[in-house]
file model25.cif (mmCIF, C-alpha atoms and all ligand atoms)
data_target
loop_
_atom_site.label_atom_id
_atom_site.label_comp_id
_atom_site.auth_asym_id
_atom_site.auth_seq_id
_atom_site.Cartn_x
_atom_site.Cartn_y
_atom_site.Cartn_z
CA MET A 3 13.69 -15.92 0.36
CA GLY A 4 17.30 -15.06 -0.30
CA GLU A 5 19.54 -12.85 1.70
CA GLY A 6 21.61 -10.75 -0.69
CA MET A 7 19.14 -11.30 -3.58
CA PRO A 8 18.33 -8.07 -5.50
CA ALA A 9 15.12 -6.54 -4.15
CA ASP A 10 13.18 -6.83 -7.42
CA THR A 11 14.15 -10.51 -7.75
CA GLU A 12 13.12 -11.16 -4.16
CA LEU A 13 9.83 -9.33 -4.70
CA ARG A 14 9.06 -11.39 -7.83
CA ALA A 15 9.88 -14.62 -5.98
CA LEU A 16 7.57 -13.55 -3.16
CA ALA A 17 4.80 -12.79 -5.70
CA ALA A 18 5.18 -16.30 -7.17
CA THR A 19 4.88 -17.80 -3.67
CA ILE A 20 1.72 -15.76 -3.03
CA GLN A 21 0.19 -16.81 -6.37
CA SER A 22 0.34 -20.47 -5.35
CA CYS A 23 -0.34 -19.99 -1.62
CA THR A 24 -2.96 -22.16 0.07
CA ASP A 25 -2.30 -21.05 3.66
CA CYS A 26 -5.86 -19.89 4.36
CA GLN A 27 -9.33 -20.66 3.04
CA LEU A 28 -9.34 -17.62 0.74
CA HIS A 29 -7.39 -19.61 -1.84
CA GLN A 30 -10.43 -21.81 -2.46
CA ALA A 31 -12.58 -19.25 -4.26
CA ARG A 32 -9.92 -17.00 -5.75
CA LYS A 33 -9.29 -16.82 -9.45
CA LEU A 34 -5.96 -14.99 -9.15
CA ALA A 35 -4.07 -13.96 -6.05
CA VAL A 36 -3.06 -10.29 -6.03
CA PRO A 37 0.44 -9.89 -4.58
CA GLY A 38 0.69 -6.14 -5.28
CA GLU A 39 2.68 -4.09 -7.75
CA GLY A 40 5.12 -1.23 -8.01
CA PRO A 41 8.87 -0.63 -8.03
CA ALA A 42 10.95 -2.66 -5.57
CA ASP A 43 12.57 0.58 -4.39
CA SER A 44 9.26 2.46 -3.92
CA ALA A 45 9.53 5.14 -1.27
CA VAL A 46 5.77 5.08 -0.76
CA MET A 47 3.56 2.03 -0.14
CA PHE A 48 -0.25 2.01 -0.15
CA ILE A 49 -1.90 -0.89 1.68
CA GLY A 50 -5.59 -1.61 1.07
CA GLU A 51 -7.79 -4.36 2.50
CA GLY A 52 -8.20 -7.14 -0.06
CA PRO A 53 -8.81 -7.77 -3.75
CA GLY A 54 -12.30 -7.16 -5.11
CA PHE A 55 -14.02 -8.60 -8.19
CA HIS A 56 -11.84 -6.94 -10.86
CA GLU A 57 -8.62 -7.46 -8.92
CA ASN A 58 -9.41 -11.17 -8.55
CA GLU A 59 -10.02 -11.39 -12.32
CA GLN A 60 -6.83 -9.56 -13.30
CA GLY A 61 -4.41 -10.40 -10.49
CA ARG A 62 -3.65 -6.68 -10.04
CA PRO A 63 -4.48 -4.39 -7.11
CA PHE A 64 -6.87 -1.43 -7.31
CA VAL A 65 -8.05 -1.83 -10.91
CA GLY A 66 -11.78 -1.11 -10.42
CA ALA A 67 -13.56 2.12 -9.58
CA ALA A 68 -11.63 2.49 -6.30
CA GLY A 69 -8.40 2.12 -8.27
CA ARG A 70 -9.41 4.89 -10.65
CA PHE A 71 -10.17 7.13 -7.67
CA LEU A 72 -6.78 6.26 -6.12
CA GLU A 73 -5.11 7.22 -9.43
CA GLU A 74 -6.99 10.54 -9.37
CA LEU A 75 -5.82 11.14 -5.80
CA LEU A 76 -2.23 10.33 -6.76
CA ALA A 77 -2.47 12.66 -9.78
CA SER A 78 -3.76 15.44 -7.50
CA VAL A 79 -0.34 15.39 -5.79
CA GLY A 80 1.65 14.90 -8.98
CA LEU A 81 2.20 11.12 -8.72
CA THR A 82 1.34 8.13 -10.90
CA ARG A 83 0.63 4.60 -9.72
CA GLN A 84 3.86 3.48 -11.39
CA GLN A 85 5.83 5.50 -8.81
CA VAL A 86 4.40 3.77 -5.73
CA PHE A 87 3.87 0.23 -4.44
CA ILE A 88 0.21 -0.77 -4.04
CA CYS A 89 -0.91 -3.93 -2.23
CA ASN A 90 -3.45 -5.29 0.25
CA VAL A 91 -3.54 -6.86 3.70
CA VAL A 92 -4.92 -10.11 2.25
CA LYS A 93 -3.76 -11.17 -1.17
CA CYS A 94 -6.82 -13.23 -2.17
CA ARG A 95 -10.41 -12.01 -2.56
CA PRO A 96 -12.77 -12.63 0.35
CA PRO A 97 -15.92 -14.15 -1.23
CA GLY A 98 -18.59 -11.55 -1.96
CA ASN A 99 -16.17 -8.82 -0.79
CA ARG A 100 -16.85 -9.71 2.85
CA ASP A 101 -14.43 -8.45 5.50
CA PRO A 102 -11.33 -10.64 5.87
CA LEU A 103 -11.41 -12.82 9.01
CA PRO A 104 -8.71 -12.49 11.69
CA GLU A 105 -7.27 -15.92 10.84
CA GLU A 106 -7.01 -14.85 7.18
CA THR A 107 -5.24 -11.55 7.90
CA ASP A 108 -2.96 -13.39 10.34
CA ALA A 109 -2.11 -16.10 7.77
CA CYS A 110 -1.35 -13.47 5.12
CA ALA A 111 0.58 -11.06 7.38
CA LYS A 112 3.91 -12.73 6.59
CA TYR A 113 3.65 -11.60 2.96
CA LEU A 114 2.91 -7.98 3.81
CA GLU A 115 5.73 -8.00 6.36
CA ALA A 116 8.12 -9.41 3.73
CA GLN A 117 7.05 -6.74 1.21
CA ILE A 118 7.70 -3.99 3.75
CA ARG A 119 11.10 -5.51 4.61
CA ILE A 120 12.14 -5.85 0.94
CA ILE A 121 10.82 -2.48 -0.29
CA HIS A 122 11.61 -0.58 2.89
CA PRO A 123 9.27 2.34 2.07
CA ARG A 124 9.81 5.67 3.80
CA ILE A 125 6.05 6.29 3.89
CA ILE A 126 3.21 3.81 4.36
CA VAL A 127 -0.38 4.89 3.70
CA THR A 128 -3.01 2.51 5.04
CA LEU A 129 -6.32 2.53 3.17
CA GLY A 130 -9.26 1.42 5.30
CA ARG A 131 -9.74 -0.18 8.71
CA PHE A 132 -7.98 -3.50 8.21
CA SER A 133 -4.64 -2.15 7.09
CA MET A 134 -4.89 0.63 9.71
CA ALA A 135 -5.35 -2.00 12.44
CA ARG A 136 -1.97 -3.56 11.66
CA PHE A 137 -0.21 -0.29 12.53
CA PHE A 138 -2.65 1.41 14.92
CA PRO A 139 -4.34 -1.37 16.94
CA GLY A 140 -7.56 -0.19 18.55
CA ALA A 141 -7.52 3.21 16.80
CA ARG A 142 -10.62 4.73 15.22
CA ILE A 143 -10.09 5.85 11.64
CA SER A 144 -12.33 8.87 12.20
CA ALA A 145 -9.86 10.07 14.85
CA ILE A 146 -6.52 9.48 13.12
CA HIS A 147 -7.10 9.74 9.36
CA GLY A 148 -4.69 12.02 7.52
CA LYS A 149 -2.30 12.40 10.46
CA ALA A 150 1.30 11.34 9.91
CA ARG A 151 2.91 9.25 12.70
CA GLN A 152 6.44 7.91 13.04
CA ILE A 153 6.42 4.14 13.55
CA GLY A 154 9.57 2.02 13.45
CA GLY A 155 11.57 4.69 11.63
CA ARG A 156 9.04 5.40 8.91
CA THR A 157 6.05 7.65 8.43
CA VAL A 158 2.66 5.91 8.55
CA VAL A 159 -0.60 7.64 7.66
CA ALA A 160 -4.06 6.09 7.96
CA MET A 161 -6.66 7.07 5.37
CA TYR A 162 -10.18 6.01 4.49
CA HIS A 163 -10.42 3.39 1.76
CA PRO A 164 -11.14 4.97 -1.65
CA ALA A 165 -14.07 2.53 -2.11
CA ALA A 166 -15.70 3.84 1.09
CA ALA A 167 -15.32 7.36 -0.26
CA LEU A 168 -17.05 6.34 -3.48
CA HIS A 169 -20.04 5.09 -1.49
CA GLN A 170 -20.24 8.09 0.85
CA PRO A 171 -19.82 11.40 -0.99
CA SER A 172 -19.01 13.24 2.27
CA LEU A 173 -15.96 10.98 2.75
CA ARG A 174 -14.70 11.83 -0.72
CA THR A 175 -14.01 15.41 0.36
CA THR A 176 -12.25 14.12 3.49
CA VAL A 177 -10.02 11.75 1.49
CA GLU A 178 -9.17 14.49 -1.01
CA ALA A 179 -8.28 16.86 1.85
CA ASP A 180 -6.11 14.16 3.52
CA PHE A 181 -4.26 13.59 0.24
CA ALA A 182 -3.70 17.32 -0.21
CA VAL A 183 -2.09 17.49 3.25
CA LEU A 184 0.02 14.43 2.45
CA GLY A 185 0.98 15.71 -0.99
CA PRO A 186 4.34 17.36 -0.25
CA LEU A 187 5.36 14.41 1.95
CA LEU A 188 4.46 11.87 -0.77
CA GLN A 189 6.11 13.86 -3.55
CA ALA A 190 9.33 14.32 -1.60
CA ALA A 191 9.47 10.62 -0.73
CA ALA A 192 8.69 9.46 -4.30
CA ALA A 193 11.22 11.79 -5.93
CA PRO A 194 14.49 10.17 -7.02
CA PRO A 195 17.46 11.07 -4.81
CA ALA A 196 18.99 14.41 -5.78
CA GLU A 197 21.97 14.26 -8.16
CA PRO A 198 25.24 15.05 -6.39
CA ASP A 199 25.99 18.74 -6.85
CA PRO A 200 29.79 19.24 -7.33
CA ALA A 201 29.46 22.99 -6.64
CA ALA A 202 27.71 22.30 -3.33
CA ASP A 203 30.32 19.66 -2.46
CA ALA A 204 33.13 22.15 -3.17
CA LYS A 205 31.39 24.76 -1.03
CA GLN A 206 31.01 22.21 1.77
CA LEU A 207 34.70 21.30 1.58
CA SER A 208 35.70 24.95 1.70
CA LEU A 209 34.09 25.21 5.13
CA PHE A 210 36.77 22.93 6.65
FE1 LIG B 1 -2.29 -17.32 1.14
FE2 LIG B 1 -2.86 -14.80 1.80
FE3 LIG B 1 -4.17 -15.95 -0.21
FE4 LIG B 1 -4.64 -16.73 2.31
S1 LIG B 1 -5.06 -14.69 1.43
S2 LIG B 1 -4.33 -18.09 0.54
S3 LIG B 1 -2.58 -16.54 3.24
S4 LIG B 1 -1.98 -15.49 -0.15
#
call {"tool": "encode", "arguments": {"input": "model25.cif", "output": "structure tokens"}}
result
Amino acid sequence: MGEGMPADTELRALAATIQSCTDCQLHQARKLAVPGEGPADSAVMFIGEGPGFHENEQGRPFVGAAGRFLEELLASVGLTRQQVFICNVVKCRPPGNRDPLPEETDACAKYLEAQIRIIHPRIIVTLGRFSMARFFPGARISAIHGKARQIGGRTVVAMYHPAAALHQPSLRTTVEADFAVLGPLLQAAAAPPAEPDPAADAKQLSLF
């Protein structure tokens, strides 16, 4: 993947590689691989576990009920899914929505690592245990959910997976509360850089 290539070109090339990948057994039963989607300069990246039924059919992440809940959560802090990058730890659907195996997450890790390198998000939100484990090995999600940590120069926050919250109503309130706490952080990171302010620049210069 090319040094000096524009980020969106590099991301599209990576997606094409993922779509034809056969590096683990998950390629055997997939219909479509799900590389992830969002702007190449996204300041915020959401990482789920793996594609489910609808994602496997459409080749897009978070398009089922969990995706609708994620969109509601984003809207609750003034964001749309078009403003953030959304992907998964494994890019192909584990049969029957079983948990991905360690050898599958290991085989697929290179793609997630490349996406993080290319996009360089300021904030990463992990959704569920498997994406959390890549950043917080050995942690319990019940202990760390909703708490922002600095890892490798960026903010990483672990959250429950929206699908888990749909199955357990008590978790829904927790996820909504975690998003509310994250809201200002997410909004600030997703906002475009401020336009240069000539008046402020002049004021700054006058201080010297
Ligand atoms: Fe390749 Fe990842 Fe799909 Fe396995 S899950 S076949 S490593 S893209």
call {"tool": "residues_near_ligand", "arguments": {"input": "model25.cif", "ligand": "ligand LIG 1 (chain B)", "cutoff": "10 Å", "atoms": "all atoms listed in the file", "output": "compact mmCIF listing (two decimals) with C-alpha atoms, in the frame of the given file"}}
result
# COMPACT_ATOMS: atom_id res chain seq x y z
CA ALA A 17 4.80 -12.79 -5.70
CA THR A 19 4.88 -17.80 -3.67
CA ILE A 20 1.72 -15.76 -3.03
CA GLN A 21 0.19 -16.81 -6.37
CA SER A 22 0.34 -20.47 -5.35
CA CYS A 23 -0.34 -19.99 -1.62
CA THR A 24 -2.96 -22.16 0.07
CA ASP A 25 -2.30 -21.05 3.66
CA CYS A 26 -5.86 -19.89 4.36
CA GLN A 27 -9.33 -20.66 3.04
CA LEU A 28 -9.34 -17.62 0.74
CA HIS A 29 -7.39 -19.61 -1.84
CA GLN A 30 -10.43 -21.81 -2.46
CA ALA A 31 -12.58 -19.25 -4.26
CA ARG A 32 -9.92 -17.00 -5.75
CA LEU A 34 -5.96 -14.99 -9.15
CA ALA A 35 -4.07 -13.96 -6.05
CA VAL A 36 -3.06 -10.29 -6.03
CA PRO A 37 0.44 -9.89 -4.58
CA GLY A 52 -8.20 -7.14 -0.06
CA PRO A 53 -8.81 -7.77 -3.75
CA ASN A 90 -3.45 -5.29 0.25
CA VAL A 91 -3.54 -6.86 3.70
CA VAL A 92 -4.92 -10.11 2.25
CA LYS A 93 -3.76 -11.17 -1.17
CA CYS A 94 -6.82 -13.23 -2.17
CA ARG A 95 -10.41 -12.01 -2.56
CA PRO A 96 -12.77 -12.63 0.35
CA PRO A 102 -11.33 -10.64 5.87
CA GLU A 105 -7.27 -15.92 10.84
CA GLU A 106 -7.01 -14.85 7.18
CA THR A 107 -5.24 -11.55 7.90
CA ASP A 108 -2.96 -13.39 10.34
CA ALA A 109 -2.11 -16.10 7.77
CA CYS A 110 -1.35 -13.47 5.12
CA ALA A 111 0.58 -11.06 7.38
CA LYS A 112 3.91 -12.73 6.59
CA TYR A 113 3.65 -11.60 2.96
CA LEU A 114 2.91 -7.98 3.81
call {"tool": "atom_distance", "arguments": {"input": "model25.cif", "atom1": "CA of Ser78 in chain A", "atom2": "CA of Ile49 in chain A"}}
result
18.8 Å
call {"tool": "atom_distance", "arguments": {"input": "model25.cif", "atom1": "CA of Thr175 in chain A", "atom2": "CA of Thr157 in chain A"}}
result
23.0 Å
call {"tool": "closest_atom_pairs", "arguments": {"input": "model25.cif", "of": "range 48-122 of chain A", "to": "range 9-15 of chain A", "cutoff": "10 Å", "atoms": "all atoms listed in the file", "output": "tab-separated table"}}
result
residue	atom	partner	partner_atom	distance
A:Ala116	CA	A:Leu13	CA	8.6
A:Gln117	CA	A:Leu13	CA	7.0
A:Arg119	CA	A:Ala9	CA	9.7
A:Ile120	CA	A:Ala9	CA	5.9
A:Ile121	CA	A:Ala9	CA	7.1
A:His122	CA	A:Ala9	CA	9.9
call {"tool": "residues_around", "arguments": {"input": "model25.cif", "residues": "Gly154 in chain A", "least_positions_apart": "3", "cutoff": "12 Å", "atoms": "all atoms listed in the file", "output": "list in words"}}
result
Ile118, Arg119, His122, Pro123, Arg124, Ile125, Ile126, Phe137, Arg151, Thr157 and Val158 of chain A
call {"tool": "closest_residue", "arguments": {"input": "model25.cif", "among": "A:Gln152, A:Ser144, A:Asn58, A:Ser172", "to": "Asn99 in chain A", "atoms": "all atoms listed in the file"}}
result
A:Asn58
call {"tool": "residues_around", "arguments": {"input": "model25.cif", "residues": "range 179-195 of chain A", "least_positions_apart": "2", "cutoff": "10 Å", "atoms": "all atoms listed in the file", "output": "PyMOL selection string"}}
result
chain A and resi 43-47+75-82+85-86+123-127+147-150+157+159-162+173-177+197-198
call {"tool": "atom_distance", "arguments": {"input": "model25.cif", "atom1": "CA of Ala42 in chain A", "atom2": "CA of Phe87 in chain A"}}
result
7.7 Å
call {"tool": "decode", "arguments": {"input": "model25.cif", "residues": "range 42-83 of chain A", "atoms": "N, CA and C atoms", "output": "PDB file, in the first residue's frame"}}
result
ATOM      1  N   ALA A  42     -11.949   9.390   4.861  1.00  0.00           N
ATOM      2  CA  ALA A  42     -10.557   8.993   5.121  1.00  0.00           C
ATOM      3  C   ALA A  42      -9.886   9.900   6.143  1.00  0.00           C
ATOM      4  N   ASP A  43     -10.484  11.083   6.366  1.00  0.00           N
ATOM      5  CA  ASP A  43      -9.905  11.988   7.372  1.00  0.00           C
ATOM      6  C   ASP A  43     -10.790  12.051   8.631  1.00  0.00           C
ATOM      7  N   SER A  44     -11.559  10.973   8.883  1.00  0.00           N
ATOM      8  CA  SER A  44     -12.438  10.951  10.057  1.00  0.00           C
ATOM      9  C   SER A  44     -11.630  11.169  11.326  1.00  0.00           C
ATOM     10  N   ALA A  45     -12.138  12.040  12.180  1.00  0.00           N
ATOM     11  CA  ALA A  45     -11.482  12.261  13.470  1.00  0.00           C
ATOM     12  C   ALA A  45     -11.914  11.220  14.495  1.00  0.00           C
ATOM     13  N   VAL A  46     -13.029  10.545  14.194  1.00  0.00           N
ATOM     14  CA  VAL A  46     -13.575   9.572  15.146  1.00  0.00           C
ATOM     15  C   VAL A  46     -13.781   8.241  14.427  1.00  0.00           C
ATOM     16  N   MET A  47     -13.314   7.151  15.044  1.00  0.00           N
ATOM     17  CA  MET A  47     -13.491   5.816  14.466  1.00  0.00           C
ATOM     18  C   MET A  47     -14.219   4.923  15.473  1.00  0.00           C
ATOM     19  N   PHE A  48     -15.268   4.245  15.011  1.00  0.00           N
ATOM     20  CA  PHE A  48     -15.983   3.262  15.819  1.00  0.00           C
ATOM     21  C   PHE A  48     -15.589   1.871  15.328  1.00  0.00           C
ATOM     22  N   ILE A  49     -15.217   1.002  16.254  1.00  0.00           N
ATOM     23  CA  ILE A  49     -14.790  -0.350  15.877  1.00  0.00           C
ATOM     24  C   ILE A  49     -15.685  -1.373  16.577  1.00  0.00           C
ATOM     25  N   GLY A  50     -16.481  -2.084  15.786  1.00  0.00           N
ATOM     26  CA  GLY A  50     -17.337  -3.139  16.331  1.00  0.00           C
ATOM     27  C   GLY A  50     -16.636  -4.490  16.283  1.00  0.00           C
ATOM     28  N   GLU A  51     -17.431  -5.564  16.330  1.00  0.00           N
ATOM     29  CA  GLU A  51     -16.828  -6.906  16.403  1.00  0.00           C
ATOM     30  C   GLU A  51     -16.680  -7.543  15.024  1.00  0.00           C
ATOM     31  N   GLY A  52     -17.815  -7.781  14.353  1.00  0.00           N
ATOM     32  CA  GLY A  52     -17.773  -8.398  13.036  1.00  0.00           C
ATOM     33  C   GLY A  52     -19.101  -8.192  12.340  1.00  0.00           C
ATOM     34  N   PRO A  53     -19.138  -8.394  11.028  1.00  0.00           N
ATOM     35  CA  PRO A  53     -20.396  -8.221  10.300  1.00  0.00           C
ATOM     36  C   PRO A  53     -21.440  -9.242  10.746  1.00  0.00           C
ATOM     37  N   GLY A  54     -22.702  -8.830  10.745  1.00  0.00           N
ATOM     38  CA  GLY A  54     -23.805  -9.753  10.991  1.00  0.00           C
ATOM     39  C   GLY A  54     -24.495 -10.084   9.668  1.00  0.00           C
ATOM     40  N   PHE A  55     -25.724 -10.592   9.756  1.00  0.00           N
ATOM     41  CA  PHE A  55     -26.445 -11.051   8.563  1.00  0.00           C
ATOM     42  C   PHE A  55     -26.581  -9.940   7.514  1.00  0.00           C
ATOM     43  N   HIS A  56     -27.122  -8.792   7.932  1.00  0.00           N
ATOM     44  CA  HIS A  56     -27.397  -7.713   6.962  1.00  0.00           C
ATOM     45  C   HIS A  56     -26.108  -7.112   6.409  1.00  0.00           C
ATOM     46  N   GLU A  57     -25.094  -7.016   7.270  1.00  0.00           N
ATOM     47  CA  GLU A  57     -23.817  -6.456   6.832  1.00  0.00           C
ATOM     48  C   GLU A  57     -23.181  -7.360   5.780  1.00  0.00           C
ATOM     49  N   ASN A  58     -23.271  -8.673   6.004  1.00  0.00           N
ATOM     50  CA  ASN A  58     -22.734  -9.660   5.058  1.00  0.00           C
ATOM     51  C   ASN A  58     -23.468  -9.591   3.709  1.00  0.00           C
ATOM     52  N   GLU A  59     -24.773  -9.288   3.757  1.00  0.00           N
ATOM     53  CA  GLU A  59     -25.555  -9.173   2.521  1.00  0.00           C
ATOM     54  C   GLU A  59     -25.178  -7.914   1.744  1.00  0.00           C
ATOM     55  N   GLN A  60     -24.957  -6.815   2.494  1.00  0.00           N
ATOM     56  CA  GLN A  60     -24.794  -5.511   1.834  1.00  0.00           C
ATOM     57  C   GLN A  60     -23.350  -5.047   1.709  1.00  0.00           C
ATOM     58  N   GLY A  61     -22.439  -5.681   2.439  1.00  0.00           N
ATOM     59  CA  GLY A  61     -21.039  -5.257   2.394  1.00  0.00           C
ATOM     60  C   GLY A  61     -20.785  -3.948   3.111  1.00  0.00           C
ATOM     61  N   ARG A  62     -21.733  -3.562   4.002  1.00  0.00           N
ATOM     62  CA  ARG A  62     -21.600  -2.298   4.748  1.00  0.00           C
ATOM     63  C   ARG A  62     -21.712  -2.585   6.242  1.00  0.00           C
ATOM     64  N   PRO A  63     -20.987  -1.815   7.068  1.00  0.00           N
ATOM     65  CA  PRO A  63     -21.029  -2.067   8.516  1.00  0.00           C
ATOM     66  C   PRO A  63     -22.272  -1.466   9.173  1.00  0.00           C
ATOM     67  N   PHE A  64     -22.743  -2.109  10.213  1.00  0.00           N
ATOM     68  CA  PHE A  64     -23.809  -1.557  11.076  1.00  0.00           C
ATOM     69  C   PHE A  64     -25.016  -1.076  10.270  1.00  0.00           C
ATOM     70  N   VAL A  65     -25.637  -2.000   9.512  1.00  0.00           N
ATOM     71  CA  VAL A  65     -26.822  -1.626   8.744  1.00  0.00           C
ATOM     72  C   VAL A  65     -28.100  -2.262   9.290  1.00  0.00           C
ATOM     73  N   GLY A  66     -28.001  -3.142  10.282  1.00  0.00           N
ATOM     74  CA  GLY A  66     -29.192  -3.759  10.873  1.00  0.00           C
ATOM     75  C   GLY A  66     -29.703  -2.931  12.042  1.00  0.00           C
ATOM     76  N   ALA A  67     -30.385  -3.613  12.960  1.00  0.00           N
ATOM     77  CA  ALA A  67     -30.971  -2.930  14.111  1.00  0.00           C
ATOM     78  C   ALA A  67     -29.899  -2.246  14.964  1.00  0.00           C
ATOM     79  N   ALA A  68     -28.740  -2.905  15.132  1.00  0.00           N
ATOM     80  CA  ALA A  68     -27.670  -2.299  15.924  1.00  0.00           C
ATOM     81  C   ALA A  68     -27.156  -1.025  15.243  1.00  0.00           C
ATOM     82  N   GLY A  69     -27.161  -1.039  13.909  1.00  0.00           N
ATOM     83  CA  GLY A  69     -26.729   0.143  13.163  1.00  0.00           C
ATOM     84  C   GLY A  69     -27.693   1.299  13.358  1.00  0.00           C
ATOM     85  N   ARG A  70     -28.999   0.974  13.380  1.00  0.00           N
ATOM     86  CA  ARG A  70     -29.982   2.047  13.591  1.00  0.00           C
ATOM     87  C   ARG A  70     -29.814   2.640  14.982  1.00  0.00           C
ATOM     88  N   PHE A  71     -29.525   1.768  15.974  1.00  0.00           N
ATOM     89  CA  PHE A  71     -29.315   2.270  17.336  1.00  0.00           C
ATOM     90  C   PHE A  71     -28.051   3.131  17.384  1.00  0.00           C
ATOM     91  N   LEU A  72     -26.987   2.695  16.683  1.00  0.00           N
ATOM     92  CA  LEU A  72     -25.759   3.503  16.650  1.00  0.00           C
ATOM     93  C   LEU A  72     -26.047   4.876  16.028  1.00  0.00           C
ATOM     94  N   GLU A  73     -26.869   4.894  14.970  1.00  0.00           N
ATOM     95  CA  GLU A  73     -27.212   6.186  14.350  1.00  0.00           C
ATOM     96  C   GLU A  73     -27.989   7.067  15.322  1.00  0.00           C
ATOM     97  N   GLU A  74     -28.876   6.446  16.113  1.00  0.00           N
ATOM     98  CA  GLU A  74     -29.617   7.222  17.133  1.00  0.00           C
ATOM     99  C   GLU A  74     -28.650   7.804  18.162  1.00  0.00           C
ATOM    100  N   LEU A  75     -27.680   6.971  18.576  1.00  0.00           N
ATOM    101  CA  LEU A  75     -26.702   7.434  19.569  1.00  0.00           C
ATOM    102  C   LEU A  75     -25.876   8.589  19.011  1.00  0.00           C
ATOM    103  N   LEU A  76     -25.463   8.453  17.735  1.00  0.00           N
ATOM    104  CA  LEU A  76     -24.698   9.532  17.107  1.00  0.00           C
ATOM    105  C   LEU A  76     -25.547  10.799  17.037  1.00  0.00           C
ATOM    106  N   ALA A  77     -26.818  10.638  16.646  1.00  0.00           N
ATOM    107  CA  ALA A  77     -27.702  11.812  16.545  1.00  0.00           C
ATOM    108  C   ALA A  77     -27.885  12.476  17.908  1.00  0.00           C
ATOM    109  N   SER A  78     -27.838  11.683  18.979  1.00  0.00           N
ATOM    110  CA  SER A  78     -28.047  12.251  20.326  1.00  0.00           C
ATOM    111  C   SER A  78     -26.908  13.204  20.704  1.00  0.00           C
ATOM    112  N   VAL A  79     -25.759  13.081  20.000  1.00  0.00           N
ATOM    113  CA  VAL A  79     -24.663  14.026  20.258  1.00  0.00           C
ATOM    114  C   VAL A  79     -24.394  14.880  19.018  1.00  0.00           C
ATOM    115  N   GLY A  80     -25.399  14.968  18.145  1.00  0.00           N
ATOM    116  CA  GLY A  80     -25.308  15.892  17.018  1.00  0.00           C
ATOM    117  C   GLY A  80     -24.432  15.416  15.873  1.00  0.00           C
ATOM    118  N   LEU A  81     -24.238  14.092  15.732  1.00  0.00           N
ATOM    119  CA  LEU A  81     -23.392  13.572  14.650  1.00  0.00           C
ATOM    120  C   LEU A  81     -24.202  12.653  13.734  1.00  0.00           C
ATOM    121  N   THR A  82     -23.733  12.500  12.501  1.00  0.00           N
ATOM    122  CA  THR A  82     -24.309  11.524  11.583  1.00  0.00           C
ATOM    123  C   THR A  82     -23.247  10.465  11.281  1.00  0.00           C
ATOM    124  N   ARG A  83     -23.681   9.326  10.744  1.00  0.00           N
ATOM    125  CA  ARG A  83     -22.699   8.280  10.456  1.00  0.00           C
ATOM    126  C   ARG A  83     -21.751   8.695   9.333  1.00  0.00           C
TER     127      ARG A  83
END
